[in-house]
$ cat model-v9.pdb   # PDB, C-alpha atoms, pLDDT in the B column
ATOM      1  CA  MET A   1      95.630 -23.066  44.989  1.00 41.00           C
ATOM      2  CA  ASN A   2      94.955 -23.374  41.288  1.00 46.00           C
ATOM      3  CA  ASN A   3      91.790 -24.758  39.657  1.00 50.00           C
ATOM      4  CA  ARG A   4      93.342 -28.186  39.069  1.00 48.00           C
ATOM      5  CA  VAL A   5      94.296 -28.628  42.713  1.00 45.00           C
ATOM      6  CA  ARG A   6      90.887 -27.421  43.912  1.00 62.00           C
ATOM      7  CA  LYS A   7      89.028 -29.844  41.607  1.00 64.00           C
ATOM      8  CA  ASN A   8      91.255 -32.687  42.850  1.00 74.00           C
ATOM      9  CA  LEU A   9      89.902 -32.128  46.369  1.00 84.00           C
ATOM     10  CA  LEU A  10      86.330 -32.699  45.147  1.00 93.00           C
ATOM     11  CA  ARG A  11      86.464 -36.469  44.687  1.00 93.00           C
ATOM     12  CA  GLN A  12      82.868 -37.358  45.502  1.00 96.00           C
ATOM     13  CA  THR A  13      79.767 -37.161  43.334  1.00 95.00           C
ATOM     14  CA  ALA A  14      76.437 -35.707  44.417  1.00 94.00           C
ATOM     15  CA  VAL A  15      73.131 -35.303  42.631  1.00 93.00           C
ATOM     16  CA  TYR A  16      71.674 -31.796  42.639  1.00 95.00           C
ATOM     17  CA  TRP A  17      68.054 -30.831  42.059  1.00 94.00           C
ATOM     18  CA  GLY A  18      67.889 -27.090  41.378  1.00 94.00           C
ATOM     19  CA  SER A  19      65.431 -24.394  40.357  1.00 90.00           C
ATOM     20  CA  PRO A  20      62.992 -25.083  43.193  1.00 89.00           C
ATOM     21  CA  VAL A  21      59.503 -23.683  42.521  1.00 91.00           C
ATOM     22  CA  ASN A  22      56.499 -23.928  44.841  1.00 90.00           C
ATOM     23  CA  ASP A  23      53.931 -26.254  43.282  1.00 89.00           C
ATOM     24  CA  GLY A  24      50.915 -24.583  44.948  1.00 91.00           C
ATOM     25  CA  TYR A  25      50.213 -27.654  47.110  1.00 91.00           C
ATOM     26  CA  GLY A  26      52.859 -27.169  49.808  1.00 87.00           C
ATOM     27  CA  GLY A  27      55.623 -28.914  47.878  1.00 84.00           C
ATOM     28  CA  LYS A  28      58.209 -27.970  45.288  1.00 87.00           C
ATOM     29  CA  THR A  29      59.076 -28.928  41.747  1.00 89.00           C
ATOM     30  CA  PHE A  30      62.681 -29.102  40.610  1.00 91.00           C
ATOM     31  CA  ALA A  31      64.738 -29.093  37.443  1.00 92.00           C
ATOM     32  CA  ALA A  32      66.098 -32.408  36.205  1.00 91.00           C
ATOM     33  CA  PRO A  33      68.841 -33.787  38.467  1.00 92.00           C
ATOM     34  CA  VAL A  34      72.483 -33.232  37.535  1.00 94.00           C
ATOM     35  CA  GLU A  35      75.751 -34.542  38.933  1.00 95.00           C
ATOM     36  CA  VAL A  36      78.197 -32.208  40.670  1.00 96.00           C
ATOM     37  CA  GLN A  37      81.630 -32.915  42.102  1.00 95.00           C
ATOM     38  CA  CYS A  38      81.880 -32.327  45.826  1.00 96.00           C
ATOM     39  CA  ARG A  39      83.460 -33.014  49.165  1.00 96.00           C
ATOM     40  CA  TRP A  40      80.654 -34.040  51.512  1.00 97.00           C
ATOM     41  CA  MET A  41      81.332 -33.551  55.220  1.00 96.00           C
ATOM     42  CA  ILE A  42      78.906 -34.819  57.858  1.00 95.00           C
ATOM     43  CA  LYS A  43      79.245 -31.834  60.114  1.00 92.00           C
ATOM     44  CA  GLN A  44      77.051 -29.780  62.387  1.00 95.00           C
ATOM     45  CA  GLU A  45      77.594 -26.060  62.100  1.00 95.00           C
ATOM     46  CA  LYS A  46      75.370 -23.312  63.407  1.00 96.00           C
ATOM     47  CA  ILE A  47      74.143 -21.206  60.501  1.00 94.00           C
ATOM     48  CA  VAL A  48      72.011 -18.093  60.375  1.00 92.00           C
ATOM     49  CA  LEU A  49      69.325 -18.169  57.696  1.00 87.00           C
ATOM     50  CA  GLN A  50      68.093 -15.140  55.743  1.00 84.00           C
ATOM     51  CA  ASN A  51      65.205 -14.729  58.205  1.00 90.00           C
ATOM     52  CA  MET A  52      67.795 -14.586  61.042  1.00 92.00           C
ATOM     53  CA  GLU A  53      66.774 -18.017  62.387  1.00 93.00           C
ATOM     54  CA  GLU A  54      69.681 -20.096  63.728  1.00 95.00           C
ATOM     55  CA  VAL A  55      69.787 -23.796  62.795  1.00 96.00           C
ATOM     56  CA  LEU A  56      72.324 -26.624  62.886  1.00 96.00           C
ATOM     57  CA  SER A  57      73.442 -28.117  59.598  1.00 96.00           C
ATOM     58  CA  LYS A  58      73.548 -31.881  59.053  1.00 96.00           C
ATOM     59  CA  ALA A  59      76.238 -31.623  56.386  1.00 97.00           C
ATOM     60  CA  VAL A  60      78.573 -29.067  54.830  1.00 97.00           C
ATOM     61  CA  VAL A  61      79.444 -29.597  51.173  1.00 97.00           C
ATOM     62  CA  ALA A  62      82.252 -28.039  49.125  1.00 95.00           C
ATOM     63  CA  LEU A  63      81.109 -27.908  45.496  1.00 95.00           C
ATOM     64  CA  SER A  64      82.353 -27.535  41.946  1.00 90.00           C
ATOM     65  CA  ASP A  65      79.247 -25.607  40.817  1.00 93.00           C
ATOM     66  CA  ASP A  66      76.804 -23.004  42.076  1.00 96.00           C
ATOM     67  CA  VAL A  67      73.614 -24.275  43.724  1.00 97.00           C
ATOM     68  CA  GLU A  68      70.423 -22.592  44.901  1.00 96.00           C
ATOM     69  CA  VAL A  69      69.027 -22.272  48.408  1.00 95.00           C
ATOM     70  CA  GLY A  70      65.941 -24.491  48.507  1.00 93.00           C
ATOM     71  CA  GLY A  71      67.464 -26.996  46.079  1.00 94.00           C
ATOM     72  CA  ARG A  72      68.434 -30.465  47.215  1.00 94.00           C
ATOM     73  CA  LEU A  73      71.631 -32.546  47.246  1.00 95.00           C
ATOM     74  CA  ALA A  74      72.134 -36.286  47.677  1.00 93.00           C
ATOM     75  CA  LEU A  75      75.443 -38.085  48.027  1.00 93.00           C
ATOM     76  CA  THR A  76      74.960 -40.472  45.086  1.00 91.00           C
ATOM     77  CA  ASP A  77      75.216 -40.455  41.307  1.00 91.00           C
ATOM     78  CA  LEU A  78      72.640 -40.419  38.527  1.00 91.00           C
ATOM     79  CA  ASP A  79      73.175 -44.127  37.780  1.00 91.00           C
ATOM     80  CA  ASN A  80      71.792 -44.979  41.232  1.00 88.00           C
ATOM     81  CA  LEU A  81      68.575 -42.961  40.807  1.00 83.00           C
ATOM     82  CA  ASN A  82      65.254 -44.236  39.535  1.00 74.00           C
ATOM     83  CA  SER A  83      64.087 -41.737  36.892  1.00 66.00           C
ATOM     84  CA  SER A  84      60.615 -41.497  38.468  1.00 60.00           C
ATOM     85  CA  GLN A  85      61.891 -40.714  41.954  1.00 63.00           C
ATOM     86  CA  LEU A  86      61.508 -37.265  43.460  1.00 67.00           C
ATOM     87  CA  PRO A  87      64.320 -35.591  45.397  1.00 73.00           C
ATOM     88  CA  GLU A  88      62.353 -36.068  48.616  1.00 73.00           C
ATOM     89  CA  ASP A  89      62.285 -39.848  47.987  1.00 71.00           C
ATOM     90  CA  GLU A  90      66.071 -40.049  47.992  1.00 66.00           C
ATOM     91  CA  GLU A  91      68.365 -39.560  50.936  1.00 83.00           C
ATOM     92  CA  SER A  92      68.686 -35.920  49.997  1.00 90.00           C
ATOM     93  CA  TYR A  93      69.011 -32.785  52.037  1.00 94.00           C
ATOM     94  CA  GLU A  94      67.702 -29.279  51.532  1.00 94.00           C
ATOM     95  CA  ILE A  95      70.237 -26.546  50.816  1.00 96.00           C
ATOM     96  CA  MET A  96      69.692 -23.915  53.500  1.00 96.00           C
ATOM     97  CA  LYS A  97      72.667 -21.653  52.828  1.00 95.00           C
ATOM     98  CA  PHE A  98      75.146 -21.218  49.977  1.00 96.00           C
ATOM     99  CA  SER A  99      78.295 -19.138  49.740  1.00 95.00           C
ATOM    100  CA  LYS A 100      80.659 -18.433  46.854  1.00 94.00           C
ATOM    101  CA  ASN A 101      83.879 -16.654  47.740  1.00 92.00           C
ATOM    102  CA  PRO A 102      87.186 -16.210  45.939  1.00 89.00           C
ATOM    103  CA  ASP A 103      90.233 -17.877  47.429  1.00 82.00           C
ATOM    104  CA  PRO A 104      92.901 -15.497  48.843  1.00 85.00           C
ATOM    105  CA  LYS A 105      94.576 -15.092  45.434  1.00 82.00           C
ATOM    106  CA  ALA A 106      91.206 -14.764  43.639  1.00 83.00           C
ATOM    107  CA  ASN A 107      92.189 -17.634  41.303  1.00 81.00           C
ATOM    108  CA  VAL A 108      89.189 -19.832  42.036  1.00 84.00           C
ATOM    109  CA  PHE A 109      85.861 -19.609  43.832  1.00 87.00           C
ATOM    110  CA  VAL A 110      85.217 -21.689  46.929  1.00 88.00           C
ATOM    111  CA  ARG A 111      81.579 -22.811  46.896  1.00 94.00           C
ATOM    112  CA  THR A 112      79.969 -24.160  50.069  1.00 96.00           C
ATOM    113  CA  ALA A 113      76.454 -25.382  50.821  1.00 97.00           C
ATOM    114  CA  TRP A 114      75.000 -26.062  54.268  1.00 97.00           C
ATOM    115  CA  LEU A 115      72.329 -28.771  54.341  1.00 97.00           C
ATOM    116  CA  ILE A 116      69.558 -29.737  56.712  1.00 93.00           C
TER
END
$ encode --input "model-v9.pdb" --output "structure tokens"
Amino acid sequence: MNNRVRKNLLRQTAVYWGSPVNDGYGGKTFAAPVEVQCRWMIKQEKIVLQNMEEVLSKAVVALSDDVEVGGRLALTDLDNLNSSQLPEDEESYEIMKFSKNPDPKANVFVRTAWLI
């Protein structure tokens, strides 16, 4: 599968809030939101977190770009966001796991995020 074919499979747009940093009050601050191309699948999969806890995902998302665990994704675009809204105000989900693996021919990376 070449890059063009892979990108053609990612026909949805999501908003990503990255660079999560604890704000010292029990919450997080994030970088400015950006759009990423994706394929959003409402799907429960059992995942094992870094602390070895097992949880069920609410969605599995194939992505065009790298994302960070702890960041947030929402199935929308920037035009539908109010600039003063926080990621938690939107219908967004926390990224609990992220993987980036080459396809079998090592032509393109397959990026996947599991959300809760």
$ residues_around --input "model-v9.pdb" --residues "A:Leu78" --least-positions-apart "4" --cutoff "9 Å" --atoms "all atoms listed in the file" --output "VMD selection string"
chain A and resid 14 to 15 33 to 35 82 to 83
$ atom_distance --input "model-v9.pdb" --atom1 "atom CA of A:Gln50" --atom2 "atom CA of A:Pro87"
23.2 Å
$ atom_distance --input "model-v9.pdb" --atom1 "atom CA of A:Ser57" --atom2 "atom CA of A:Tyr16"
17.4 Å
$ closest_residue --input "model-v9.pdb" --among "A:Ala106, A:Cys38, A:Ala113, A:Leu75" --to "A:Val60" --atoms "all atoms listed in the file"
A:Ala113
$ resolve_selection --input "model-v9.pdb" --expression "the PyMOL selection byres ((chain A and resi 37) around 9)" --output "MDAnalysis selection string"
chainID A and resid 7 10:15 35:36 38:39 62:65
$ closest_residue --input "model-v9.pdb" --among "A:Ser99, A:Thr112, A:Ser19, A:Asn80" --to "A:Met41" --atoms "only C-alpha atoms"
A:Thr112
$ atom_distance --input "model-v9.pdb" --atom1 "atom CA of A:Gly18" --atom2 "atom CA of A:Glu94"
10.4 Å
$ closest_residue --input "model-v9.pdb" --among "A:Met96, A:Ile42, A:Ile47, A:Val69" --to "A:Val21" --atoms "all atoms listed in the file"
A:Val69
$ closest_residue --input "model-v9.pdb" --among "A:Leu73, A:Glu88, A:Tyr93, A:Lys105" --to "A:Gly27" --atoms "all atoms listed in the file"
A:Glu88
$ axis_aligned_box --input "model-v9.pdb" --around "stretch 20-34 of chain A" --padding-each-side "5 Å" --output "lines of an AutoDock Vina configuration file"
center_x = 61.3
center_y = -28.7
center_z = 43.0
size_x = 32.3
size_y = 20.1
size_z = 23.6
$ closest_residue --input "model-v9.pdb" --among "A:Lys58, A:Met52, A:Arg72, A:Asn8" --to "A:Lys28" --atoms "only C-alpha atoms"
A:Arg72
$ closest_residue --input "model-v9.pdb" --among "A:Leu81, A:Lys97, A:Pro102, A:Asn107" --to "A:Glu53" --atoms "all atoms listed in the file"
A:Lys97
$ decode --input "model-v9.pdb" --residues "stretch 2-110 of chain A" --atoms "C-alpha atoms" --output "compact mmCIF listing (two decimals), in the first residue's frame"
# COMPACT_ATOMS: atom_id res chain seq x y z
CA ASN A 2 1.57 3.28 -1.00
CA ASN A 3 1.19 6.63 0.80
CA ARG A 4 -1.50 7.85 -1.61
CA VAL A 5 -3.70 4.81 -1.05
CA ARG A 6 -3.24 4.97 2.72
CA LYS A 7 -4.19 8.68 2.85
CA ASN A 8 -7.28 7.92 0.74
CA LEU A 9 -8.54 5.62 3.51
CA LEU A 10 -8.42 8.49 6.02
CA ARG A 11 -11.46 10.44 4.84
CA GLN A 12 -12.63 11.90 8.13
CA THR A 13 -11.38 14.94 10.02
CA ALA A 14 -10.65 15.05 13.74
CA VAL A 15 -9.40 17.80 16.01
CA TYR A 16 -6.36 16.94 18.12
CA TRP A 17 -5.22 18.67 21.29
CA GLY A 18 -1.64 17.63 22.03
CA SER A 19 1.22 18.39 24.40
CA PRO A 20 -0.78 17.68 27.56
CA VAL A 21 0.77 19.23 30.68
CA ASN A 22 -0.58 18.98 34.23
CA ASP A 23 -1.82 22.40 35.31
CA GLY A 24 -1.19 21.82 39.04
CA TYR A 25 -4.93 21.85 39.83
CA GLY A 26 -5.85 18.32 38.72
CA GLY A 27 -6.42 19.26 35.09
CA LYS A 28 -4.32 19.60 31.96
CA THR A 29 -3.39 22.32 29.52
CA PHE A 30 -2.99 21.56 25.83
CA ALA A 31 -1.41 23.01 22.72
CA ALA A 32 -3.68 24.76 20.24
CA PRO A 33 -6.01 22.34 18.43
CA VAL A 34 -5.07 21.09 14.97
CA GLU A 35 -6.91 19.05 12.36
CA VAL A 36 -5.75 15.55 11.46
CA GLN A 37 -7.08 13.14 8.86
CA CYS A 38 -8.42 9.92 10.31
CA ARG A 39 -10.68 6.92 10.13
CA TRP A 40 -12.73 6.90 13.33
CA MET A 41 -14.15 3.53 14.37
CA ILE A 42 -16.55 3.21 17.30
CA LYS A 43 -15.08 0.02 18.62
CA GLN A 44 -14.42 -1.58 21.97
CA GLU A 45 -11.05 -3.25 22.24
CA LYS A 46 -9.31 -4.40 25.37
CA ILE A 47 -6.03 -2.52 25.75
CA VAL A 48 -3.26 -2.79 28.30
CA LEU A 49 -1.99 0.57 29.55
CA GLN A 50 1.61 1.31 30.54
CA ASN A 51 0.75 0.62 34.19
CA MET A 52 -0.54 -2.84 33.11
CA GLU A 53 -4.18 -1.88 33.76
CA GLU A 54 -6.66 -3.37 31.27
CA VAL A 55 -9.41 -1.09 29.93
CA LEU A 56 -11.92 -1.11 27.07
CA SER A 57 -11.58 1.53 24.39
CA LYS A 58 -14.58 3.54 23.19
CA ALA A 59 -13.04 4.20 19.79
CA VAL A 60 -10.05 3.16 17.68
CA VAL A 61 -8.70 5.78 15.29
CA ALA A 62 -6.34 5.34 12.34
CA LEU A 63 -4.42 8.60 11.88
CA SER A 64 -2.34 10.56 9.41
CA ASP A 65 -0.10 12.04 12.13
CA ASP A 66 1.54 11.09 15.41
CA VAL A 67 -0.37 11.90 18.60
CA GLU A 68 0.51 11.77 22.29
CA VAL A 69 -0.94 9.61 25.04
CA GLY A 70 -2.91 11.96 27.28
CA GLY A 71 -3.89 14.20 24.36
CA ARG A 72 -7.46 14.39 23.16
CA LEU A 73 -9.29 13.77 19.87
CA ALA A 74 -12.76 14.84 18.74
CA LEU A 75 -14.50 13.80 15.55
CA THR A 76 -15.11 17.32 14.21
CA ASP A 77 -13.22 20.08 12.43
CA LEU A 78 -11.81 23.41 13.57
CA ASP A 79 -14.65 25.35 11.93
CA ASN A 80 -17.10 23.74 14.37
CA LEU A 81 -15.13 24.70 17.50
CA ASN A 82 -15.60 27.80 19.60
CA SER A 83 -12.12 29.28 20.13
CA SER A 84 -12.68 29.61 23.89
CA GLN A 85 -13.74 26.00 24.38
CA LEU A 86 -11.49 23.51 26.14
CA PRO A 87 -11.00 19.97 24.85
CA GLU A 88 -13.01 18.65 27.80
CA ASP A 89 -15.98 20.82 26.72
CA GLU A 90 -16.16 19.11 23.34
CA GLU A 91 -17.21 15.56 22.64
CA SER A 92 -13.58 14.53 22.82
CA TYR A 93 -11.87 11.45 24.10
CA GLU A 94 -8.57 10.91 25.86
CA ILE A 95 -5.85 9.07 23.97
CA MET A 96 -4.90 6.12 26.16
CA LYS A 97 -2.61 4.24 23.79
CA PHE A 98 -0.82 5.05 20.54
CA SER A 99 1.09 2.84 18.15
CA LYS A 100 3.13 3.62 15.04
CA ASN A 101 4.23 0.64 12.98
CA PRO A 102 5.50 0.26 9.43
CA ASP A 103 3.31 -1.59 6.97
CA PRO A 104 4.67 -4.98 5.75
CA LYS A 105 6.71 -3.34 2.97
CA ALA A 106 7.89 -0.52 5.28
CA ASN A 107 6.55 2.06 2.78
CA VAL A 108 4.29 3.88 5.22
CA PHE A 109 3.60 3.99 8.94
CA VAL A 110 0.26 2.83 10.30
